[in-house]
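Shown next: target-v7.cif, containing mmCIF, C-alpha atoms.
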data_coords
loop_
_atom_site.label_atom_id
_atom_site.label_comp_id
_atom_site.auth_asym_id
_atom_site.auth_seq_id
_atom_site.Cartn_x
_atom_site.Cartn_y
_atom_site.Cartn_z
CA MET A 62 82.42 113.74 116.15
CA LYS A 63 81.11 110.24 116.49
CA LYS A 64 81.48 108.68 113.08
CA LYS A 65 79.51 105.72 111.78
CA LEU A 66 81.44 102.50 111.60
CA LEU A 67 80.91 101.04 108.17
CA SER A 68 82.22 97.53 108.77
CA LEU A 69 84.34 95.39 111.05
CA PHE A 70 84.81 91.78 110.04
CA LEU A 71 85.35 89.69 113.15
CA ALA A 72 85.54 86.11 111.95
CA SER A 73 88.90 84.60 112.85
CA ALA A 74 88.83 82.56 109.65
CA MET A 75 89.03 85.82 107.75
CA ALA A 76 92.01 87.25 109.61
CA LEU A 77 94.86 88.35 107.34
CA THR A 78 97.42 85.60 107.75
CA ALA A 79 100.14 87.82 106.29
CA PHE A 80 99.52 90.44 108.96
CA ALA A 81 100.62 90.23 112.57
CA VAL A 82 97.27 91.30 114.03
CA PRO A 83 95.14 89.36 116.50
CA ALA A 84 92.17 87.49 115.08
CA LEU A 85 88.86 88.29 116.72
CA ALA A 86 86.47 85.41 117.25
CA ALA A 87 82.83 85.57 116.24
CA GLU A 88 79.99 83.26 117.15
CA VAL A 89 78.28 81.72 114.14
CA GLU A 90 74.78 80.28 114.32
CA THR A 91 74.35 77.21 112.16
CA ILE A 92 70.99 76.87 110.44
CA GLU A 93 70.03 73.69 108.61
CA LEU A 94 67.94 74.16 105.49
CA ASP A 95 65.92 71.49 103.82
CA GLU A 96 66.54 70.75 100.15
CA ASP A 97 63.80 73.06 98.81
CA GLU A 98 65.00 76.01 100.89
CA ASP A 99 68.59 75.38 99.72
CA GLU A 100 67.54 75.49 96.07
CA GLU A 101 65.52 78.67 96.61
CA ASP A 102 68.49 80.32 98.32
CA ASP A 103 70.85 79.36 95.47
CA ALA A 104 68.39 80.74 92.94
CA ALA A 105 68.14 84.02 94.86
CA GLU A 106 71.93 84.37 94.90
CA GLU A 107 72.09 83.81 91.15
CA THR A 108 69.41 86.44 90.60
CA THR A 109 71.08 89.16 92.66
CA GLU A 110 74.54 88.70 91.16
CA ALA A 111 73.76 90.66 88.00
CA SER A 112 70.14 90.72 86.87
CA GLY A 113 68.99 92.72 83.87
CA ASP A 114 70.58 93.52 80.53
CA TYR A 115 71.84 96.99 81.44
CA HIS A 116 75.41 98.18 80.92
CA ILE A 117 77.77 99.94 83.35
CA GLY A 118 80.55 102.32 82.30
CA ILE A 119 83.69 103.11 84.30
CA VAL A 120 86.02 106.01 83.44
CA THR A 121 89.48 106.21 85.03
CA GLY A 122 92.90 107.70 84.43
CA SER A 123 95.60 105.79 82.60
CA VAL A 124 97.86 103.17 84.17
CA SER A 125 100.73 105.70 84.25
CA GLN A 126 98.71 108.25 86.21
CA SER A 127 96.26 106.14 88.23
CA GLU A 128 97.14 102.46 87.99
CA ASP A 129 95.07 101.29 90.95
CA ASP A 130 91.94 103.05 89.68
CA ARG A 131 92.36 101.40 86.29
CA ARG A 132 93.08 97.94 87.69
CA GLY A 133 89.93 98.10 89.81
CA ALA A 134 87.86 98.93 86.74
CA GLU A 135 89.46 96.04 84.87
CA ALA A 136 88.73 93.67 87.77
CA PHE A 137 85.04 94.60 87.70
CA GLN A 138 84.92 94.16 83.93
CA GLU A 139 86.60 90.77 84.22
CA LYS A 140 84.06 89.71 86.85
CA TYR A 141 80.97 90.65 84.81
CA GLY A 142 82.21 90.61 81.23
CA GLU A 143 83.05 93.10 78.48
CA ASP A 144 79.51 92.76 77.14
CA ARG A 145 78.18 94.27 80.40
CA VAL A 146 80.97 96.64 81.43
CA THR A 147 82.52 99.37 79.25
CA LEU A 148 85.80 101.04 80.26
CA ALA A 149 87.15 104.41 79.17
CA ILE A 150 90.25 106.49 79.98
CA TYR A 151 90.38 110.27 80.33
CA PRO A 152 93.51 112.14 79.09
CA ASP A 153 96.64 112.24 81.26
CA ASN A 154 96.81 115.98 80.66
CA PHE A 155 93.18 116.47 81.61
CA THR A 156 93.64 120.07 82.76
CA GLU A 157 94.58 121.05 79.20
CA GLU A 158 92.11 118.71 77.50
CA LEU A 159 88.91 119.57 79.33
CA GLU A 160 86.60 119.11 76.33
CA THR A 161 88.11 115.72 75.55
CA THR A 162 87.63 114.69 79.17
CA ILE A 163 83.98 115.76 79.17
CA GLN A 164 83.30 114.06 75.84
CA THR A 165 84.96 110.82 76.96
CA ILE A 166 82.53 110.59 79.87
CA VAL A 167 79.45 111.76 77.95
CA ASN A 168 80.09 109.34 75.07
CA LEU A 169 79.25 106.40 77.32
CA SER A 170 75.65 107.62 77.43
CA ASP A 171 75.32 106.96 73.68
CA ASP A 172 74.84 103.29 74.55
CA PRO A 173 71.05 102.84 74.94
CA GLU A 174 71.62 100.05 77.47
CA MET A 175 73.93 102.17 79.67
CA LYS A 176 72.37 102.61 83.12
CA ALA A 177 75.28 103.72 85.33
CA ILE A 178 78.50 105.66 84.77
CA ILE A 179 81.26 105.79 87.39
CA VAL A 180 84.19 108.22 87.13
CA ASN A 181 87.20 107.57 89.37
CA GLN A 182 89.00 109.85 89.92
CA ALA A 183 86.37 112.47 89.13
CA ILE A 184 88.74 115.07 87.69
CA PRO A 185 87.69 118.58 86.54
CA GLY A 186 85.03 118.32 83.86
CA THR A 187 83.15 115.47 85.52
CA THR A 188 80.43 117.76 86.89
CA GLU A 189 79.75 119.23 83.46
CA ALA A 190 79.80 115.77 81.89
CA PHE A 191 77.25 114.50 84.40
CA ARG A 192 75.00 117.50 83.74
CA GLN A 193 75.09 116.81 80.01
CA ILE A 194 74.36 113.13 80.60
CA LYS A 195 71.40 113.94 82.85
CA GLU A 196 69.96 116.25 80.16
CA ARG A 197 70.15 113.43 77.61
CA ARG A 198 69.63 110.40 79.79
CA PRO A 199 68.15 111.12 83.23
CA ASP A 200 67.80 107.35 83.73
CA ILE A 201 71.58 106.90 84.02
CA ILE A 202 73.02 106.79 87.55
CA CYS A 203 76.06 109.10 87.71
CA ILE A 204 78.61 108.30 90.42
CA ALA A 205 81.82 110.19 91.22
CA GLY A 206 84.73 108.57 93.03
CA GLU A 207 87.42 110.77 94.57
CA SER A 208 86.28 114.08 93.13
CA HIS A 209 88.80 116.82 92.34
CA GLU A 210 85.97 119.34 92.07
CA ASP A 211 84.27 121.01 95.03
CA LEU A 212 82.05 118.42 96.68
CA PRO A 213 78.90 120.58 96.94
CA GLU A 214 79.29 121.41 93.23
CA ILE A 215 79.73 117.87 91.95
CA GLY A 216 77.14 116.68 94.45
CA SER A 217 74.59 118.88 92.66
CA ALA A 218 75.15 116.96 89.41
CA ALA A 219 76.05 113.44 90.56
CA ASP A 220 73.67 110.98 92.13
CA LEU A 221 76.41 109.83 94.49
CA VAL A 222 79.92 111.05 95.42
CA CYS A 223 82.43 109.05 97.50
CA ASN A 224 85.78 110.54 98.53
CA ASN A 225 88.49 109.55 100.95
CA ASP A 226 87.88 111.15 104.33
CA PHE A 227 90.22 114.11 104.02
CA VAL A 228 88.88 115.54 107.28
CA ALA A 229 89.46 112.56 109.56
CA ARG A 230 92.63 111.50 107.76
CA GLY A 231 94.11 114.98 108.02
CA TYR A 232 94.09 114.47 111.77
CA LEU A 233 94.79 110.72 111.87
CA ILE A 234 97.86 110.79 109.59
CA ILE A 235 99.50 113.36 111.87
CA ARG A 236 98.47 111.43 114.96
CA THR A 237 100.02 108.28 113.52
CA ALA A 238 103.25 110.09 112.63
CA HIS A 239 103.44 111.39 116.20
CA GLU A 240 102.86 107.90 117.62
CA LEU A 241 105.71 106.58 115.47
CA GLY A 242 108.07 109.19 116.92
CA CYS A 243 108.13 111.78 114.12
CA ASP A 244 108.81 115.40 115.06
CA THR A 245 108.27 117.01 111.62
CA PHE A 246 105.66 116.54 108.91
CA VAL A 247 106.45 117.55 105.31
CA HIS A 248 103.58 118.12 102.88
CA ILE A 249 104.45 118.05 99.13
CA SER A 250 102.06 119.44 96.54
CA PHE A 251 101.50 122.16 93.90
CA PRO A 252 99.08 125.09 93.32
CA ARG A 253 96.46 123.16 91.29
CA HIS A 254 95.91 120.64 94.06
CA MET A 255 95.96 123.30 96.73
CA SER A 256 93.06 125.02 94.95
CA TYR A 257 90.84 122.01 95.73
CA GLU A 258 88.72 122.33 98.84
CA THR A 259 89.44 118.76 99.89
CA MET A 260 93.19 119.26 99.84
CA SER A 261 93.31 122.80 101.20
CA ARG A 262 91.09 121.82 104.14
CA ARG A 263 93.21 118.75 104.80
CA VAL A 264 96.37 120.89 104.90
CA ALA A 265 94.73 123.21 107.42
CA ILE A 266 93.73 120.20 109.54
CA MET A 267 97.25 118.74 109.31
CA GLN A 268 98.75 122.05 110.43
CA ALA A 269 96.36 122.27 113.37
CA ALA A 270 97.04 118.64 114.32
CA CYS A 271 100.80 119.25 114.22
CA GLU A 272 100.31 122.10 116.69
CA GLU A 273 98.27 119.80 118.94
CA PHE A 274 100.98 117.13 118.94
CA GLY A 275 103.94 119.53 119.16
CA MET A 276 105.26 118.75 115.69
CA LYS A 277 106.70 121.05 113.01
CA PHE A 278 104.71 121.38 109.79
CA GLU A 279 106.55 122.14 106.55
CA MET A 280 105.34 122.56 102.96
CA GLU A 281 107.34 121.83 99.81
CA THR A 282 106.23 122.51 96.23
CA ALA A 283 106.92 120.04 93.41
CA PRO A 284 106.05 120.22 89.69
CA ASP A 285 102.52 119.32 88.57
CA PRO A 286 102.74 116.20 86.34
CA THR A 287 99.89 117.51 84.14
CA THR A 288 102.00 120.52 83.04
CA ASP A 289 104.70 120.59 80.36
CA VAL A 290 107.23 118.78 82.55
CA GLY A 291 104.98 115.73 82.51
CA VAL A 292 105.31 112.72 84.79
CA PRO A 293 109.04 112.16 84.09
CA GLY A 294 109.97 115.74 84.98
CA ALA A 295 107.86 115.72 88.15
CA GLN A 296 109.37 112.43 89.30
CA ALA A 297 112.91 113.59 88.55
CA TYR A 298 112.33 116.62 90.78
CA ILE A 299 111.28 114.42 93.70
CA LEU A 300 114.27 112.10 93.23
CA GLU A 301 116.62 115.08 93.30
CA HIS A 302 115.13 116.91 96.27
CA VAL A 303 114.25 114.20 98.80
CA PRO A 304 117.88 113.80 99.96
CA GLU A 305 118.01 117.56 100.57
CA TRP A 306 114.73 117.50 102.48
CA VAL A 307 115.79 114.61 104.73
CA GLU A 308 119.04 116.41 105.51
CA LYS A 309 117.11 119.61 106.20
CA TYR A 310 114.27 118.16 108.31
CA GLY A 311 115.98 115.12 109.83
CA GLU A 312 115.31 111.39 109.69
CA ASN A 313 112.38 111.69 112.12
CA SER A 314 110.41 113.60 109.50
CA ALA A 315 107.30 112.10 107.84
CA TYR A 316 106.37 112.88 104.22
CA PHE A 317 103.09 113.11 102.34
CA CYS A 318 102.46 113.99 98.69
CA THR A 319 99.13 114.77 97.04
CA ASN A 320 99.96 113.32 93.61
CA ASP A 321 100.17 109.65 92.65
CA ALA A 322 103.08 110.17 90.24
CA HIS A 323 105.19 111.70 93.03
CA THR A 324 104.69 108.71 95.32
CA GLU A 325 107.10 106.19 93.76
CA PRO A 326 110.20 108.43 93.69
CA LEU A 327 109.38 109.71 97.17
CA LEU A 328 109.24 106.18 98.58
CA LYS A 329 112.42 105.16 96.78
CA GLN A 330 114.43 108.02 98.24
CA LEU A 331 112.99 107.76 101.74
CA LEU A 332 114.04 104.12 101.83
CA GLU A 333 117.53 105.21 100.82
CA TYR A 334 117.98 108.35 102.91
CA GLY A 335 115.62 107.97 105.87
CA GLY A 336 112.30 109.45 106.90
CA TYR A 337 108.77 108.10 107.34
CA PHE A 338 105.79 107.61 105.03
CA ILE A 339 102.47 107.03 106.81
CA GLU A 340 100.27 106.39 103.79
CA ALA A 341 99.67 107.68 100.29
CA ASP A 342 97.09 110.28 99.32
CA LEU A 343 95.07 107.37 97.90
CA PRO A 344 96.59 104.49 99.89
CA SER A 345 97.45 101.08 98.47
CA PRO A 346 100.29 98.56 98.69
CA LEU A 347 100.46 99.07 94.91
CA MET A 348 100.73 102.85 95.15
CA GLY A 349 104.40 103.58 94.46
CA TYR A 350 105.79 100.61 96.36
CA PRO A 351 106.35 98.08 93.52
CA GLY A 352 108.33 100.58 91.44
CA ALA A 353 110.26 101.94 94.40
CA LEU A 354 111.18 98.43 95.51
CA GLY A 355 111.71 96.95 92.05
CA LEU A 356 109.05 94.26 92.60
CA ASP A 357 107.36 92.13 89.99
CA LEU A 358 103.85 91.42 91.29
CA THR A 359 102.53 89.67 88.19
CA GLU A 360 101.90 86.40 90.03
CA GLU A 361 100.21 88.21 92.92
CA ALA A 362 97.97 90.40 90.73
CA GLY A 363 94.55 90.93 92.31
CA ASP A 364 95.46 89.18 95.59
CA PHE A 365 96.07 91.99 98.07
CA GLU A 366 97.07 89.68 100.92
CA LYS A 367 99.94 88.32 98.83
CA ILE A 368 100.76 91.75 97.41
CA LEU A 369 101.05 93.32 100.86
CA ALA A 370 103.10 90.40 102.18
CA LYS A 371 105.60 90.73 99.32
CA VAL A 372 105.83 94.51 99.64
CA GLU A 373 106.25 94.26 103.41
CA SER A 374 109.02 91.67 103.07
CA ALA A 375 110.93 93.96 100.70
CA ILE A 376 110.45 96.96 103.02
CA VAL A 377 111.88 95.00 105.96
CA GLU A 378 114.79 93.77 103.86
CA LYS A 379 115.70 97.37 102.98
CA GLY A 380 115.58 98.48 106.61
CA GLY A 381 112.26 100.29 106.44
CA ALA A 382 110.39 98.32 109.13
CA GLY A 383 108.15 100.56 111.23
CA ARG A 384 108.58 103.57 108.91
CA PHE A 385 106.26 102.84 105.97
CA GLY A 386 102.50 102.43 105.93
CA THR A 387 99.57 101.83 103.63
CA TRP A 388 96.01 100.52 103.51
CA ALA A 389 95.84 96.73 103.21
CA TYR A 390 93.54 97.07 100.21
CA SER A 391 94.02 99.65 97.49
CA TYR A 392 91.70 102.61 97.84
CA GLY A 393 91.66 103.45 94.13
CA TYR A 394 91.11 99.81 93.15
CA THR A 395 88.30 99.40 95.67
CA VAL A 396 86.57 102.63 94.67
CA SER A 397 86.50 101.82 90.94
CA ALA A 398 85.25 98.28 91.43
CA GLY A 399 83.22 98.93 94.59
CA LEU A 400 81.23 101.86 93.23
CA ALA A 401 80.47 99.90 90.07
CA GLN A 402 79.31 97.00 92.25
CA HIS A 403 77.17 99.40 94.27
CA ALA A 404 75.58 100.74 91.07
CA MET A 405 74.82 97.17 90.00
CA ASN A 406 73.30 96.36 93.39
CA VAL A 407 71.11 99.47 93.16
CA LEU A 408 69.99 98.61 89.63
CA ASP A 409 69.21 95.06 90.78
CA GLY A 410 67.08 96.47 93.59
CA VAL A 411 69.10 95.01 96.46
CA SER A 412 70.72 98.25 97.68
CA GLU A 413 69.81 101.90 98.19
CA LEU A 414 71.98 104.47 96.41
CA ASP A 415 72.60 106.78 99.38
CA ASN A 416 72.86 104.14 102.12
CA ILE A 417 76.38 104.10 103.56
CA ASP A 418 76.07 100.50 104.74
CA ASP A 419 75.14 99.40 101.22
CA ILE A 420 78.14 101.29 99.85
CA ALA A 421 80.34 99.49 102.39
CA LYS A 422 78.86 96.15 101.36
CA ALA A 423 79.85 96.83 97.75
CA TYR A 424 83.36 97.97 98.76
CA GLN A 425 83.76 94.77 100.74
CA GLU A 426 83.33 92.71 97.58
CA PHE A 427 86.84 93.94 96.74
CA SER A 428 88.26 94.48 100.25
CA PRO A 429 86.70 91.58 102.19
CA LYS A 430 88.79 91.86 105.35
CA ALA A 431 89.04 95.62 105.69
CA GLU A 432 87.81 97.81 108.51
CA TRP A 433 86.24 101.04 107.26
CA ASN A 434 84.92 104.18 108.89
CA GLY A 435 83.27 107.26 107.46
CA SER A 436 80.45 109.79 107.43
CA ASN A 437 78.53 112.22 105.28
CA TYR A 438 80.44 115.26 104.04
CA THR A 439 79.84 118.42 106.08
CA ASN A 440 80.17 121.83 104.45
CA ALA A 441 82.65 123.75 106.64
CA ASP A 442 81.05 127.10 105.78
CA THR A 443 77.40 126.21 106.38
CA GLY A 444 77.61 123.16 108.63
CA VAL A 445 75.19 121.38 106.30
CA LYS A 446 75.65 117.67 105.64
CA LEU A 447 75.14 116.41 102.09
CA ASP A 448 73.00 113.28 101.85
CA ASN A 449 74.61 112.02 98.63
CA VAL A 450 78.29 112.77 99.45
CA PHE A 451 80.26 110.37 101.66
CA LEU A 452 83.79 110.37 103.08
CA VAL A 453 85.38 107.02 103.93
CA TYR A 454 88.72 105.64 105.14
CA GLN A 455 90.41 102.35 105.99
CA ASP A 456 92.70 101.55 108.92
CA THR A 457 96.41 102.31 108.51
CA TYR A 458 98.79 99.34 108.38
CA ILE A 459 102.45 99.91 109.28
CA MET A 460 104.79 97.41 107.61
CA GLY A 461 107.38 95.66 109.75
CA ASP A 462 108.47 92.33 111.17
CA PRO A 463 105.75 91.89 112.22
CA GLY A 464 103.56 94.68 110.87
CA TYR A 465 100.55 96.07 112.68
CA TYR A 466 97.40 98.14 112.32
CA MET A 467 97.29 101.54 114.02
CA GLY A 468 93.62 101.25 114.98
CA SER A 469 92.86 104.50 113.16
CA THR A 470 89.23 103.62 112.44
CA SER A 471 88.44 103.43 116.16
CA VAL A 472 90.01 106.80 117.05
CA GLU A 473 87.60 109.60 117.94
CA VAL A 474 88.51 112.63 115.81
CA PRO A 475 88.06 115.86 117.83
CA GLU A 476 84.98 117.81 116.79
CA LYS A 477 86.92 121.00 116.03
CA TYR A 478 88.63 119.47 113.02
CA PHE A 479 85.36 119.05 111.13
CA THR A 480 85.08 122.83 110.74
CA THR A 481 88.79 123.59 110.35
CA LYS A 482 89.61 125.25 107.03
#

Is it possible to express this structure as structure tokens?
Amino acid sequence: MKKKLLSLFLASAMALTAFAVPALAAEVETIELDEDEDEEDDAAEETTEASGDYHIGIVTGSVSQSEDDRRGAEAFQEKYGEDRVTLAIYPDNFTEELETTIQTIVNLSDDPEMKAIIVNQAIPGTTEAFRQIKERRPDIICIAGESHEDLPEIGSAADLVCNNDFVARGYLIIRTAHELGCDTFVHISFPRHMSYETMSRRVAIMQAACEEFGMKFEMETAPDPTTDVGVPGAQAYILEHVPEWVEKYGENSAYFCTNDAHTEPLLKQLLEYGGYFIEADLPSPLMGYPGALGLDLTEEAGDFEKILAKVESAIVEKGGAGRFGTWAYSYGYTVSAGLAQHAMNVLDGVSELDNIDDIAKAYQEFSPKAEWNGSNYTNADTGVKLDNVFLVYQDTYIMGDPGYYMGSTSVEVPEKYFTTK
């Protein structure tokens, strides 16, 4: 399926200096403005930055469960001020505290100046919360980032839904593992996640892609961090079992887990015992890597070029060059901040809500040098595309000395995978 390219920044001045990738030159036309035109242009820029007295609310998980999501929300609040941006956190144990989750989201609509509410990740209860908000305040724009609920369902309540492209990535992650020389792919999850359409379809696509590339596909079950074992118990399980898995499946095996809390212990043990990690479920150089590597990134906070360079250096030092990947910019961070920026642009009248190029423009405020690709979500059962639901992904970066991009956003994903389930 030919997918719409969201953005490719070509200016050599914007090339990531920390990355060993070729800079692409772009011709720039210089236009001289007279003084009056200059002043008018400056005034226009000031107007579009954040016009109006409306408020925007962002709901995320906690730092322990979804650090990148939370940091992105904080970055947006810092940019526009606490008087304009309200943040909220849903419970860590959201599966057992559904009513609290719903109320946390709905409570933001009590603010008479609230005009947009973004939930990232849109965990179970978000659809109901949006329905209640729309009954009370139909003027509020409701946006879901990385929904855990069925996309057609949440799409019926939200004005806009943006998820990672689980269809294309299901194929591309396997393709990348194959290109790196892996012969086995190990998928780690638990029943709750496997009940989600996004994750169950991705598993089916991964299995089919493994068959295409002659790789073995294996599934392992780990504890759900939202159950009684909590995050510590789930992480302890991963720490204990990774050495067994690497011995069982070999050092040319690649691993993927569907839960953020599992990522750090998985990375730590793969660095120690062998194996590959293409990218996280919600990729970021901050996703699991700092904890697994024992890095303090306080000085680099918010600067993803410096963050990635420091993470990459530590990976190489520990002998992981060519085996560990990520997205150059955090997905969760970009979604929280980018969707809030998109809502602001829509409210300011400079963007259209369901225009994928406008969404990309907002994402690029927080990932200025990233290459993105994506498309509208297609229902596998009906073949119908949803106008207000989008799937997006960023190119995969493999860390090394030097590191390199895999060119994933330019790969044509075979048509058959868009109906695989």

Exercise for review: Name every residue that the PyMOL selection byres ((chain A and resi 229) around 12) selects in this structure, writing the answer as a PyMOL selection string with chains first and numbers rising.
Suggested key: chain A and resi 62-64+224-228+230-236+259+262-264+266-267+270+434-439+452-456+469-481

Check your understanding: Could you pull the residues within 12 Å of Asp220 of chain A, counting all atoms listed in the file, minus those fewer than 6 positions along the same chain, as a VMD selection string?
Key -> chain A and resid 177 to 180 188 191 to 192 194 to 195 199 to 206 213 to 214 400 404 407 413 to 415 447 to 451

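Take the PyMOL selection byres ((chain A and resi 326) around 8) and apply it to this file: it picks Gln296, Ala297, Ile299, Leu300, His323, Thr324, Glu325, Leu327, Leu328, Lys329, Gln330, Gly349 and Ala353 of chain A.
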
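Atom pair atom CA of Glu426 of chain A / atom CA of Val124 of chain A has a distance of 22.4 Å (rounded to one decimal).
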
Check your understanding: In Å, with one decimal, what is the gap from atom CA of Ala370 of chain A to atom CA of Gly335 of chain A?
Key ->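 If I compute the distance from atom CA of Ala370 of chain A to atom CA of Gly335 of chain A, I get 21.9 Å.
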
Check your understanding: Do you know which residues are at most 10 Å from His239 of chain A counting only C-alpha atoms, after dropping those on the same chain fewer than 2 positions away, and could you put them as a PyMOL selection string?
Key -> chain A and resi 233-237+241-246+270-271+274-276+313-315

**Study point:** Residues in the PyMOL selection byres ((chain A and resi 395) around 7), expressed as an MDAnalysis selection string
**Key:** chainID A and resid 133 391:394 396:399 424 427:428

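The spacing separating atom CA of Met467 of chain A from atom CA of Pro429 of chain A amounts to 18.7 Å.
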
Point to revise | Top pick for closest residue to Phe251 of chain A, considering A:Cys318, A:Trp306, A:Gly464, A:Tyr350 and counting all atoms listed in the file | key: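 When distances to Phe251 of chain A are compared using all atoms listed in the file, the smallest one comes from A:Cys318.
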
Six-sided padding of 4 Å per side, axis-aligned box over segment 477-481 of chain A, centre and edges in Å, one decimal, as JSON:
{"center_x": 86.9, "center_y": 121.3, "center_z": 113.2, "size_x": 11.7, "size_y": 12.5, "size_z": 13.7}

Contacts of Gly461 of chain A at 10 Å (all atoms listed in the file; same-chain gap of 3+ positions) as a tab-separated table (two decimals) with C-alpha atoms, keeping the file's coordinate frame:
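Now in part11.tsv:
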chain	number	residue	atom	x	y	z
A	80	PHE	CA	99.52	90.44	108.96
A	81	ALA	CA	100.62	90.23	112.57
A	373	GLU	CA	106.25	94.26	103.41
A	374	SER	CA	109.02	91.67	103.07
A	375	ALA	CA	110.93	93.96	100.70
A	376	ILE	CA	110.45	96.96	103.02
A	377	VAL	CA	111.88	95.00	105.96
A	378	GLU	CA	114.79	93.77	103.86
A	380	GLY	CA	115.58	98.48	106.61
A	381	GLY	CA	112.26	100.29	106.44
A	382	ALA	CA	110.39	98.32	109.13
A	383	GLY	CA	108.15	100.56	111.23
A	384	ARG	CA	108.58	103.57	108.91
A	385	PHE	CA	106.26	102.84	105.97
A	386	GLY	CA	102.50	102.43	105.93
A	458	TYR	CA	98.79	99.34	108.38
A	464	GLY	CA	103.56	94.68	110.87
A	465	TYR	CA	100.55	96.07	112.68

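Using only C-alpha atoms, the nearest neighbour of Leu159 of chain A within the list A:Thr187, A:Asn416, A:Thr319, A:Thr457 is A:Thr187.
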
Check your understanding: A:Ile249, A:Ala389, A:Ala265, A:Ile368: which is nearest Glu279 of chain A, counting only C-alpha atoms?
Key ->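 Checking each candidate against Glu279 of chain A, we get A:Ile249 as the closest.
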
Point to revise | Best match for closeness to Pro152 of chain A among A:Thr287, A:Gln268, A:Glu240, A:Tyr115, counting all atoms listed in the file | key: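 Using all atoms listed in the file, Pro152 of chain A sits closest to A:Thr287.
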